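Structure file data.cif with mmCIF, C-alpha atoms:
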data_run
#
loop_
_atom_site.label_atom_id
_atom_site.label_comp_id
_atom_site.auth_asym_id
_atom_site.auth_seq_id
_atom_site.Cartn_x
_atom_site.Cartn_y
_atom_site.Cartn_z
CA MET A 1 0.00 0.00 0.00
CA ILE A 2 1.29 3.44 -0.83
CA GLU A 3 1.78 6.21 1.70
CA LEU A 4 -1.35 8.40 1.64
CA GLY A 5 0.24 11.44 3.25
CA GLN A 6 -1.04 13.72 6.01
CA HIS A 7 -4.64 13.63 4.71
CA ALA A 8 -4.88 9.82 4.67
CA ALA A 9 -7.98 9.84 6.92
CA PHE A 10 -9.96 11.89 4.35
CA ILE A 11 -8.97 9.53 1.54
CA VAL A 12 -9.76 6.39 3.55
CA TRP A 13 -13.15 7.75 4.70
CA SER A 14 -14.06 8.74 1.13
CA TYR A 15 -13.32 5.29 -0.28
CA ALA A 16 -14.92 3.51 2.71
CA GLY A 17 -18.11 5.61 2.38
CA VAL A 18 -18.38 4.98 -1.35
CA ALA A 19 -17.68 1.23 -0.91
CA LEU A 20 -20.35 1.01 1.78
CA ALA A 21 -22.98 2.88 -0.26
CA ILE A 22 -22.24 0.98 -3.49
CA GLY A 23 -22.25 -2.32 -1.59
CA ALA A 24 -25.63 -1.42 -0.07
CA LEU A 25 -26.99 -0.44 -3.50
CA ILE A 26 -25.88 -3.76 -5.03
CA ALA A 27 -27.32 -5.71 -2.07
CA TRP A 28 -30.62 -3.81 -2.27
CA THR A 29 -30.90 -4.41 -6.05
CA THR A 30 -30.11 -8.13 -5.68
CA LEU A 31 -32.43 -8.69 -2.70
CA SER A 32 -35.31 -6.82 -4.39
CA ALA A 33 -34.87 -9.00 -7.48
CA ARG A 34 -34.89 -12.20 -5.40
CA ARG A 35 -37.95 -11.07 -3.42
CA ALA A 36 -39.81 -10.31 -6.68
CA ASP A 37 -38.79 -13.72 -8.12
CA ARG A 38 -40.09 -15.55 -5.04
CA ARG A 39 -43.38 -13.62 -4.96
CA LEU A 40 -43.96 -14.11 -8.69
CA ALA A 41 -43.35 -17.87 -8.43
CA GLU A 42 -45.73 -18.06 -5.45
CA LEU A 43 -48.47 -16.14 -7.29
CA GLU A 44 -48.07 -18.21 -10.48
CA ARG A 45 -48.58 -21.33 -8.31
CA LEU A 46 -51.67 -19.80 -6.66
CA ARG A 47 -53.10 -18.79 -10.03
CA GLY A 48 -52.50 -22.26 -11.42
CA ARG A 49 -54.34 -23.76 -8.44
CA ALA A 50 -57.21 -21.24 -8.77
CA ARG A 51 -57.67 -22.21 -12.43
CA GLY A 52 -57.74 -25.83 -11.35
CA MET B 29 -51.59 -11.18 -43.52
CA THR B 30 -49.27 -14.17 -43.27
CA ILE B 31 -46.12 -14.71 -41.23
CA ASP B 32 -44.11 -13.79 -44.36
CA THR B 33 -45.93 -10.53 -45.02
CA THR B 34 -46.07 -9.34 -41.40
CA PRO B 35 -43.81 -6.27 -41.11
CA LYS B 36 -40.71 -6.85 -38.99
CA GLN B 37 -40.68 -5.05 -35.66
CA SER B 38 -38.01 -2.44 -35.08
CA TRP B 39 -35.76 -2.72 -31.98
CA TRP B 40 -37.74 0.21 -30.55
CA GLN B 41 -41.00 -1.78 -30.84
CA ARG B 42 -39.40 -4.98 -29.54
CA PHE B 43 -38.02 -3.13 -26.52
CA ALA B 44 -41.52 -1.78 -25.83
CA HIS B 45 -42.67 -5.27 -24.84
CA PRO B 46 -41.57 -5.91 -21.23
CA GLY B 47 -41.16 -9.67 -21.75
CA GLU B 48 -39.17 -9.17 -24.94
CA PHE B 49 -37.04 -6.48 -23.28
CA THR B 50 -36.19 -8.83 -20.42
CA ARG B 51 -35.47 -11.72 -22.82
CA ILE B 52 -33.08 -9.61 -24.91
CA THR B 53 -31.25 -7.83 -22.08
CA ARG B 54 -31.03 -10.54 -19.39
CA PRO B 55 -27.91 -12.17 -20.95
CA TRP B 56 -26.15 -8.77 -20.89
CA ILE B 57 -26.08 -8.52 -17.09
CA THR B 58 -23.34 -11.07 -16.23
CA PRO B 59 -20.81 -9.90 -18.87
CA LEU B 60 -21.49 -6.26 -17.91
CA ALA B 61 -21.03 -7.08 -14.21
CA VAL B 62 -17.72 -8.88 -14.91
CA LEU B 63 -16.53 -5.93 -17.03
CA THR B 64 -17.53 -3.54 -14.21
CA GLY B 65 -15.50 -5.57 -11.69
CA LEU B 66 -12.45 -5.59 -13.99
CA PHE B 67 -12.65 -1.81 -14.51
CA PHE B 68 -12.92 -1.29 -10.73
CA LEU B 69 -9.90 -3.52 -10.08
CA ALA B 70 -7.80 -1.74 -12.71
CA GLY B 71 -9.02 1.70 -11.58
CA LEU B 72 -8.27 1.03 -7.90
CA TRP B 73 -4.86 -0.38 -8.73
CA PHE B 74 -3.96 2.74 -10.71
CA ALA B 75 -5.56 5.02 -8.09
CA PHE B 76 -3.50 3.63 -5.19
CA PHE B 77 -0.40 1.98 -6.66
CA ASN B 78 0.35 3.52 -10.02
CA SER B 79 -0.45 7.25 -9.93
CA PRO B 80 1.48 10.12 -8.42
CA ALA B 81 0.37 12.68 -5.85
CA ASP B 82 -0.74 15.92 -7.50
CA TYR B 83 1.70 18.84 -7.24
CA GLN B 84 -1.01 21.03 -5.66
CA MET B 85 -3.57 18.65 -4.10
CA GLY B 86 -1.05 16.08 -2.93
CA ASP B 87 -2.55 12.65 -2.20
CA THR B 88 -6.09 14.01 -1.91
CA VAL B 89 -6.17 13.83 -5.73
CA ARG B 90 -7.03 10.15 -5.15
CA ILE B 91 -10.44 11.24 -3.85
CA MET B 92 -11.04 12.75 -7.32
CA TYR B 93 -11.02 9.22 -8.81
CA ILE B 94 -14.29 8.48 -7.00
CA HIS B 95 -15.66 12.02 -6.74
CA VAL B 96 -15.61 12.86 -10.47
CA PRO B 97 -17.38 9.63 -11.64
CA ASN B 98 -20.09 10.07 -8.98
CA ALA B 99 -20.53 13.74 -9.90
CA TRP B 100 -20.74 12.79 -13.61
CA LEU B 101 -23.32 10.05 -12.87
CA SER B 102 -25.39 12.36 -10.65
CA GLN B 103 -26.06 14.42 -13.80
CA PHE B 104 -26.00 11.64 -16.41
CA VAL B 105 -28.65 9.60 -14.54
CA TYR B 106 -30.88 12.67 -14.54
CA VAL B 107 -30.35 13.05 -18.31
CA VAL B 108 -31.40 9.38 -18.69
CA MET B 109 -34.50 10.13 -16.60
CA THR B 110 -35.26 13.20 -18.72
CA GLY B 111 -35.03 11.09 -21.90
CA SER B 112 -37.32 8.51 -20.29
CA ALA B 113 -39.76 11.26 -19.25
CA ILE B 114 -39.96 12.41 -22.88
CA GLY B 115 -40.47 8.75 -23.91
CA THR B 116 -43.32 8.49 -21.40
CA LEU B 117 -45.09 11.73 -22.36
CA VAL B 118 -44.51 11.79 -26.14
CA TRP B 119 -44.43 8.14 -27.24
CA ARG B 120 -46.05 6.47 -24.21
CA HIS B 121 -43.23 3.90 -24.46
CA PRO B 122 -44.04 1.20 -21.86
CA MET B 123 -40.42 0.80 -20.79
CA ALA B 124 -39.73 4.55 -20.46
CA ASP B 125 -41.51 5.02 -17.14
CA VAL B 126 -39.98 1.80 -15.79
CA SER B 127 -36.51 3.15 -16.63
CA MET B 128 -37.41 6.53 -15.10
CA LYS B 129 -38.55 4.91 -11.85
CA VAL B 130 -35.53 2.60 -11.49
CA ALA B 131 -32.99 5.37 -12.19
CA ALA B 132 -34.16 7.74 -9.41
CA PRO B 133 -32.70 5.92 -6.36
CA LEU B 134 -29.49 5.25 -8.28
CA GLY B 135 -29.18 8.94 -9.17
CA ALA B 136 -29.89 9.95 -5.57
CA THR B 137 -27.10 7.62 -4.34
CA PHE B 138 -24.54 8.90 -6.84
CA THR B 139 -25.45 12.51 -5.99
CA THR B 140 -25.08 11.82 -2.24
CA LEU B 141 -21.69 10.21 -2.89
CA ALA B 142 -20.58 13.16 -5.05
CA LEU B 143 -21.45 15.54 -2.19
CA PHE B 144 -19.87 13.25 0.43
CA THR B 145 -16.57 12.73 -1.39
CA GLY B 146 -16.52 16.39 -2.49
CA SER B 147 -16.76 17.66 1.07
CA LEU B 148 -14.08 15.20 2.27
CA TRP B 149 -11.85 16.47 -0.52
CA GLY B 150 -12.74 20.11 0.20
CA ARG B 151 -11.70 20.09 3.86
CA PRO B 152 -7.95 19.46 3.31
CA THR B 153 -7.85 21.32 -0.03
CA TRP B 154 -10.06 24.39 0.49
CA GLY B 155 -10.14 24.34 4.29
CA THR B 156 -13.92 23.75 4.46
CA TYR B 157 -16.32 20.83 4.16
CA TRP B 158 -19.01 22.96 2.58
CA GLU B 159 -19.32 26.25 0.71
CA TRP B 160 -22.58 27.63 -0.69
CA ASP B 161 -21.12 28.11 -4.16
CA GLY B 162 -23.06 27.54 -7.40
CA ARG B 163 -21.90 23.99 -8.11
CA MET B 164 -22.39 22.59 -4.61
CA THR B 165 -25.71 24.34 -4.04
CA SER B 166 -27.15 23.24 -7.41
CA THR B 167 -25.93 19.66 -6.77
CA LEU B 168 -27.68 19.71 -3.37
CA VAL B 169 -30.83 20.93 -5.17
CA LEU B 170 -30.42 17.97 -7.57
CA LEU B 171 -30.39 15.59 -4.59
CA PHE B 172 -33.64 17.14 -3.30
CA ILE B 173 -35.18 16.77 -6.78
CA TYR B 174 -34.23 13.06 -6.81
CA LEU B 175 -35.73 12.59 -3.33
CA GLY B 176 -38.89 14.43 -4.43
CA ILE B 177 -39.21 12.14 -7.46
CA ILE B 178 -38.77 9.00 -5.30
CA ALA B 179 -41.45 10.32 -2.90
CA LEU B 180 -43.80 11.07 -5.83
CA TRP B 181 -43.48 7.50 -7.16
CA ARG B 182 -44.41 6.18 -3.71
CA ALA B 183 -47.37 8.55 -3.37
CA PHE B 184 -49.36 6.84 -6.16
CA ASP B 185 -50.82 3.34 -6.18
CA ASP B 186 -51.49 3.57 -9.92
CA GLN B 187 -47.97 3.57 -11.38
CA LEU B 188 -49.16 4.59 -14.87
CA ARG B 189 -50.74 7.76 -13.46
CA ALA B 190 -47.66 8.35 -11.32
CA ALA B 191 -45.47 8.06 -14.43
CA ARG B 192 -47.12 11.06 -16.12
CA VAL B 193 -46.88 13.27 -13.01
CA VAL B 194 -43.27 12.23 -12.36
CA ALA B 195 -42.38 12.77 -16.05
CA VAL B 196 -43.62 16.39 -15.91
CA PHE B 197 -41.79 16.97 -12.60
CA THR B 198 -38.61 15.42 -14.07
CA LEU B 199 -38.75 17.67 -17.14
CA VAL B 200 -39.17 20.78 -14.96
CA GLY B 201 -36.24 19.66 -12.76
CA ALA B 202 -34.04 19.16 -15.85
CA ILE B 203 -33.38 22.93 -15.88
CA ASN B 204 -31.00 22.26 -12.97
CA ILE B 205 -28.60 20.16 -15.11
CA PRO B 206 -27.23 23.02 -17.28
CA ILE B 207 -27.13 25.16 -14.13
CA ILE B 208 -24.83 22.56 -12.46
CA LYS B 209 -22.73 22.22 -15.62
CA PHE B 210 -22.22 25.94 -16.27
CA SER B 211 -22.28 27.16 -12.64
CA VAL B 212 -18.47 27.25 -12.63
CA ASP B 213 -18.51 29.63 -15.63
CA TRP B 214 -21.45 31.80 -14.55
CA TRP B 215 -20.54 32.50 -10.91
CA ASN B 216 -17.49 33.00 -8.74
CA THR B 217 -16.78 29.58 -7.29
CA LEU B 218 -14.17 27.51 -5.52
CA HIS B 219 -14.64 24.82 -8.19
CA GLN B 220 -12.27 24.79 -11.12
CA PRO B 221 -13.71 25.14 -14.65
CA ALA B 222 -13.99 22.04 -16.88
CA SER B 223 -10.59 20.31 -17.00
CA VAL B 224 -11.27 16.95 -18.69
CA PHE B 225 -13.80 17.44 -21.50
CA ARG B 226 -12.53 20.63 -23.16
CA PRO B 227 -12.31 21.58 -26.83
CA ASP B 228 -8.50 21.89 -26.50
CA GLY B 229 -8.14 18.58 -24.65
CA PRO B 230 -7.74 17.68 -20.96
CA THR B 231 -5.48 19.82 -18.77
CA MET B 232 -4.38 16.82 -16.66
CA PRO B 233 -1.37 14.56 -17.21
CA PRO B 234 -1.97 10.97 -18.42
CA SER B 235 -0.84 9.57 -15.04
CA ILE B 236 -3.91 11.15 -13.42
CA LEU B 237 -6.24 10.77 -16.43
CA THR B 238 -5.72 6.97 -16.57
CA PRO B 239 -7.20 6.10 -13.12
CA LEU B 240 -9.83 8.82 -13.61
CA PHE B 241 -11.07 7.31 -16.88
CA LEU B 242 -10.90 3.73 -15.56
CA MET B 243 -13.03 4.67 -12.56
CA PHE B 244 -15.32 6.73 -14.79
CA PHE B 245 -16.03 3.65 -16.94
CA ALA B 246 -16.29 1.39 -13.85
CA PHE B 247 -18.98 3.57 -12.25
CA SER B 248 -20.80 4.10 -15.56
CA LEU B 249 -20.86 0.33 -16.19
CA LEU B 250 -22.04 -0.23 -12.61
CA PHE B 251 -24.94 2.13 -13.28
CA SER B 252 -25.87 0.23 -16.48
CA VAL B 253 -25.85 -3.13 -14.62
CA LEU B 254 -27.94 -1.83 -11.69
CA GLN B 255 -30.32 -0.03 -14.06
CA LEU B 256 -30.90 -3.16 -16.17
CA LYS B 257 -31.35 -5.41 -13.13
CA GLY B 258 -33.68 -2.83 -11.58
CA ILE B 259 -35.78 -2.65 -14.77
CA HIS B 260 -36.15 -6.46 -14.81
CA THR B 261 -37.28 -6.38 -11.15
CA GLU B 262 -39.74 -3.54 -11.77
CA ILE B 263 -41.26 -5.47 -14.71
CA LYS B 264 -41.74 -8.44 -12.35
CA ARG B 265 -43.28 -6.18 -9.67
CA ARG B 266 -45.86 -4.93 -12.19
CA ARG B 267 -46.63 -8.49 -13.21
CA ILE B 268 -47.03 -9.36 -9.51
CA ALA B 269 -49.50 -6.46 -9.09
CA THR B 270 -51.49 -7.63 -12.15
CA ILE B 271 -51.70 -11.26 -10.92
CA GLU B 272 -52.67 -10.08 -7.41
CA ARG B 273 -55.52 -8.03 -8.93
CA GLN B 274 -56.64 -11.00 -11.05
CA LEU B 275 -56.61 -13.30 -8.01
CA VAL B 276 -58.58 -10.81 -5.90
CA LEU B 277 -61.14 -10.35 -8.72
CA GLY B 278 -61.39 -14.12 -9.16
CA ALA B 279 -61.95 -14.61 -5.43
CA ALA B 280 -64.58 -11.83 -5.37
CA LYS B 281 -66.46 -13.45 -8.28
CA ALA B 282 -66.33 -16.83 -6.56
CA VAL B 283 -68.03 -15.52 -3.39
CA THR B 284 -70.61 -13.33 -5.24
CA PRO B 285 -73.94 -15.24 -5.44
#
As C-alpha cells, please, write out the structure in this file.
Amino acid sequence: MIELGQHAAFIVWSYAGVALAIGALIAWTTLSARRADRRLAELERLRGRARG
Amino acid sequence: MTIDTTPKQSWWQRFAHPGEFTRITRPWITPLAVLTGLFFLAGLWFAFFNSPADYQMGDTVRIMYIHVPNAWLSQFVYVVMTGSAIGTLVWRHPMADVSMKVAAPLGATFTTLALFTGSLWGRPTWGTYWEWDGRMTSTLVLLFIYLGIIALWRAFDDQLRAARVVAVFTLVGAINIPIIKFSVDWWNTLHQPASVFRPDGPTMPPSILTPLFLMFFAFSLLFSVLQLKGIHTEIKRRRIATIERQLVLGAAKAVTP
C-alpha cells in the first residue's frame, strides 16, 4: 500500500463511504430481485391452483 | 396477412414489450457485471499503486477518482430520466416510465456520494467541508429533486398515473442540469472550470487521467448493470401487481352469489 500522506484519513473515509454505499446499492438491487422472483413464483402457483 | 408478409418489428418496438425487453437484455447482465468488476480492479490499482500525488492537491487527488465519476453520474442519470420522461409523455413507451422509476434511487445515491466525497476532498484542499457556491448548491438541489421524485413515485398506487406526473416533474427539474454544468462559468466559485472534456483537450497529465477514466467507466458500467437489473425487477413487480388483482377479482367473483 502506498503512503497516503497527512490527509490519509480523508482519503480512507471517502473510499470507505463509497464502498459502503455501493455495496448497499448492489445488495438492495439483488435482494429486491430475489424477493420479486419468489413472490412471482408463489403467485403463479396460486393462479394455477385457482384455475384448477 | 401471413407470417411472411407481417412487417418486422423495429428494436424500438421490440423493446416496448416488457417480456421481450427482459429476454433480450437478461444475458447482458453477467458480462457487464464482470466488465464492471475488472474496470474497478484496474481503476483502484492505478488510483493507489500507479499514480502520483498531484503537485497542488497532494494525495487528496485520489479522492477525485471516486468524486468525479459520482458527480458525472449524478447528472447523467438525470439526463437518462429526462429522456425517459420524454419517452413516457410523447411516445407512451411502456419501458420509459420503468426506466425513469428505477434510475431515481441510483441517481440519488450517486449525488449523495458526489457531495460526500466532495466535502471530504474540500476540507484538506479548500479548508472547508461545505461552501454555498453555485456547483455545490445546485448539486444539493439535484439531490432534493431526486428525493422528491422518489417520494412522488411512492405517493401513487397507480404507477401509470404516477409516471405522467413524475415525467412532468422530471422535465421541470431538468433545468437544474445546465445550471450545475455551467455554474463554474457563470458565478465565482471555488470549483475549477472544466478540466477533462474541453475543446482543447484535458489539462491533466496521463498519469492522473488513466485512473480517472478507468473509474469513470467502472462507475458508468455499474450504473448500467444496476439499471438493467432494476428494470427487470420492476417489470416483475408490475406483473405481480397484475396477478394479485386477477386473483382478488377471481376470489370476489367466486363468493358473489
*Written as a ChimeraX atom specification, which residues does the PyMOL selection byres ((chain B and resi 206-209) around 12) give for the file shown?*
/B:99-100,102-104,106-107,139,161-171,201-205,210-215,217,219-222,225
*For Ala61 of chain B, list every protein, DNA or RNA residue within 9 Å, evaluated using all atoms listed in the file, and leave out those in the same chain fewer than 4 positions away; present the list as number ranges by chain.*
B: 56-57, 65-66, 249-250, 253
Taking all atoms listed in the file into account, produce a table as a tab-separated table in which each residue of chain A with an atom at most 7 Å from an atom of chain B appears once, together with its shortest atom pair and the distance in Å to one decimal, ordered by chain and rising number.
residue	atom	partner	partner_atom	distance
A:Met1	CA	B:Phe77	CA	7.0
A:Ile2	CA	B:Phe77	CA	6.2
A:Leu4	CA	B:Asp87	CA	5.9
A:Gly5	CA	B:Asp87	CA	6.2
A:His7	CA	B:Thr88	CA	6.8
A:Phe10	CA	B:Leu148	CA	5.7
A:Ile11	CA	B:Ile91	CA	5.8
A:Ser14	CA	B:Thr145	CA	5.3
A:Val18	CA	B:Leu141	CA	6.4
A:Thr29	CA	B:Gly258	CA	6.4
A:Ala33	CA	B:Thr261	CA	5.1
A:Ala36	CA	B:Arg265	CA	6.2
A:Leu40	CA	B:Ile268	CA	5.7
A:Leu43	CA	B:Ile271	CA	6.9
A:Arg47	CA	B:Leu275	CA	6.8
*Please write as a ChimeraX atom specification the list of polymer residues whose atoms come within 6 Å of (-41.5, 13.9, -17.9), counting all atoms listed in the file and keeping to the coordinates of the file.*
/B:113-114,195-196,198-199
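Atom pair atom CA of Val96 of chain B / atom CA of Pro233 of chain B: separated by 15.8 Å.
In this structure, atom CA of Leu46 of chain A sits 11.4 Å away from atom CA of Val276 of chain B.
Taking atom CA of Trp154 of chain B and atom CA of Met232 of chain B as the two end points, the separation is 19.6 Å.
Minimum atom-to-atom distance to Ile26 of chain A, evaluated using all atoms listed in the file, belongs to B:Phe251 out of B:Thr284, B:Phe251, B:Thr50, B:Arg192.
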Quick one: chain A from the block, C-alpha atoms, as a CSV table (one decimal), in the first residue's frame.
chain,number,residue,atom,x,y,z
A,1,MET,CA,0.0,0.0,0.0
A,2,ILE,CA,1.3,3.4,-0.8
A,3,GLU,CA,1.8,6.2,1.7
A,4,LEU,CA,-1.4,8.4,1.6
A,5,GLY,CA,0.2,11.4,3.2
A,6,GLN,CA,-1.0,13.7,6.0
A,7,HIS,CA,-4.6,13.6,4.7
A,8,ALA,CA,-4.9,9.8,4.7
A,9,ALA,CA,-8.0,9.8,6.9
A,10,PHE,CA,-10.0,11.9,4.4
A,11,ILE,CA,-9.0,9.5,1.5
A,12,VAL,CA,-9.8,6.4,3.5
A,13,TRP,CA,-13.1,7.7,4.7
A,14,SER,CA,-14.1,8.7,1.1
A,15,TYR,CA,-13.3,5.3,-0.3
A,16,ALA,CA,-14.9,3.5,2.7
A,17,GLY,CA,-18.1,5.6,2.4
A,18,VAL,CA,-18.4,5.0,-1.3
A,19,ALA,CA,-17.7,1.2,-0.9
A,20,LEU,CA,-20.4,1.0,1.8
A,21,ALA,CA,-23.0,2.9,-0.3
A,22,ILE,CA,-22.2,1.0,-3.5
A,23,GLY,CA,-22.3,-2.3,-1.6
A,24,ALA,CA,-25.6,-1.4,-0.1
A,25,LEU,CA,-27.0,-0.4,-3.5
A,26,ILE,CA,-25.9,-3.8,-5.0
A,27,ALA,CA,-27.3,-5.7,-2.1
A,28,TRP,CA,-30.6,-3.8,-2.3
A,29,THR,CA,-30.9,-4.4,-6.0
A,30,THR,CA,-30.1,-8.1,-5.7
A,31,LEU,CA,-32.4,-8.7,-2.7
A,32,SER,CA,-35.3,-6.8,-4.4
A,33,ALA,CA,-34.9,-9.0,-7.5
A,34,ARG,CA,-34.9,-12.2,-5.4
A,35,ARG,CA,-38.0,-11.1,-3.4
A,36,ALA,CA,-39.8,-10.3,-6.7
A,37,ASP,CA,-38.8,-13.7,-8.1
A,38,ARG,CA,-40.1,-15.5,-5.0
A,39,ARG,CA,-43.4,-13.6,-5.0
A,40,LEU,CA,-44.0,-14.1,-8.7
A,41,ALA,CA,-43.4,-17.9,-8.4
A,42,GLU,CA,-45.7,-18.1,-5.4
A,43,LEU,CA,-48.5,-16.1,-7.3
A,44,GLU,CA,-48.1,-18.2,-10.5
A,45,ARG,CA,-48.6,-21.3,-8.3
A,46,LEU,CA,-51.7,-19.8,-6.7
A,47,ARG,CA,-53.1,-18.8,-10.0
A,48,GLY,CA,-52.5,-22.3,-11.4
A,49,ARG,CA,-54.3,-23.8,-8.4
A,50,ALA,CA,-57.2,-21.2,-8.8
A,51,ARG,CA,-57.7,-22.2,-12.4
A,52,GLY,CA,-57.7,-25.8,-11.3
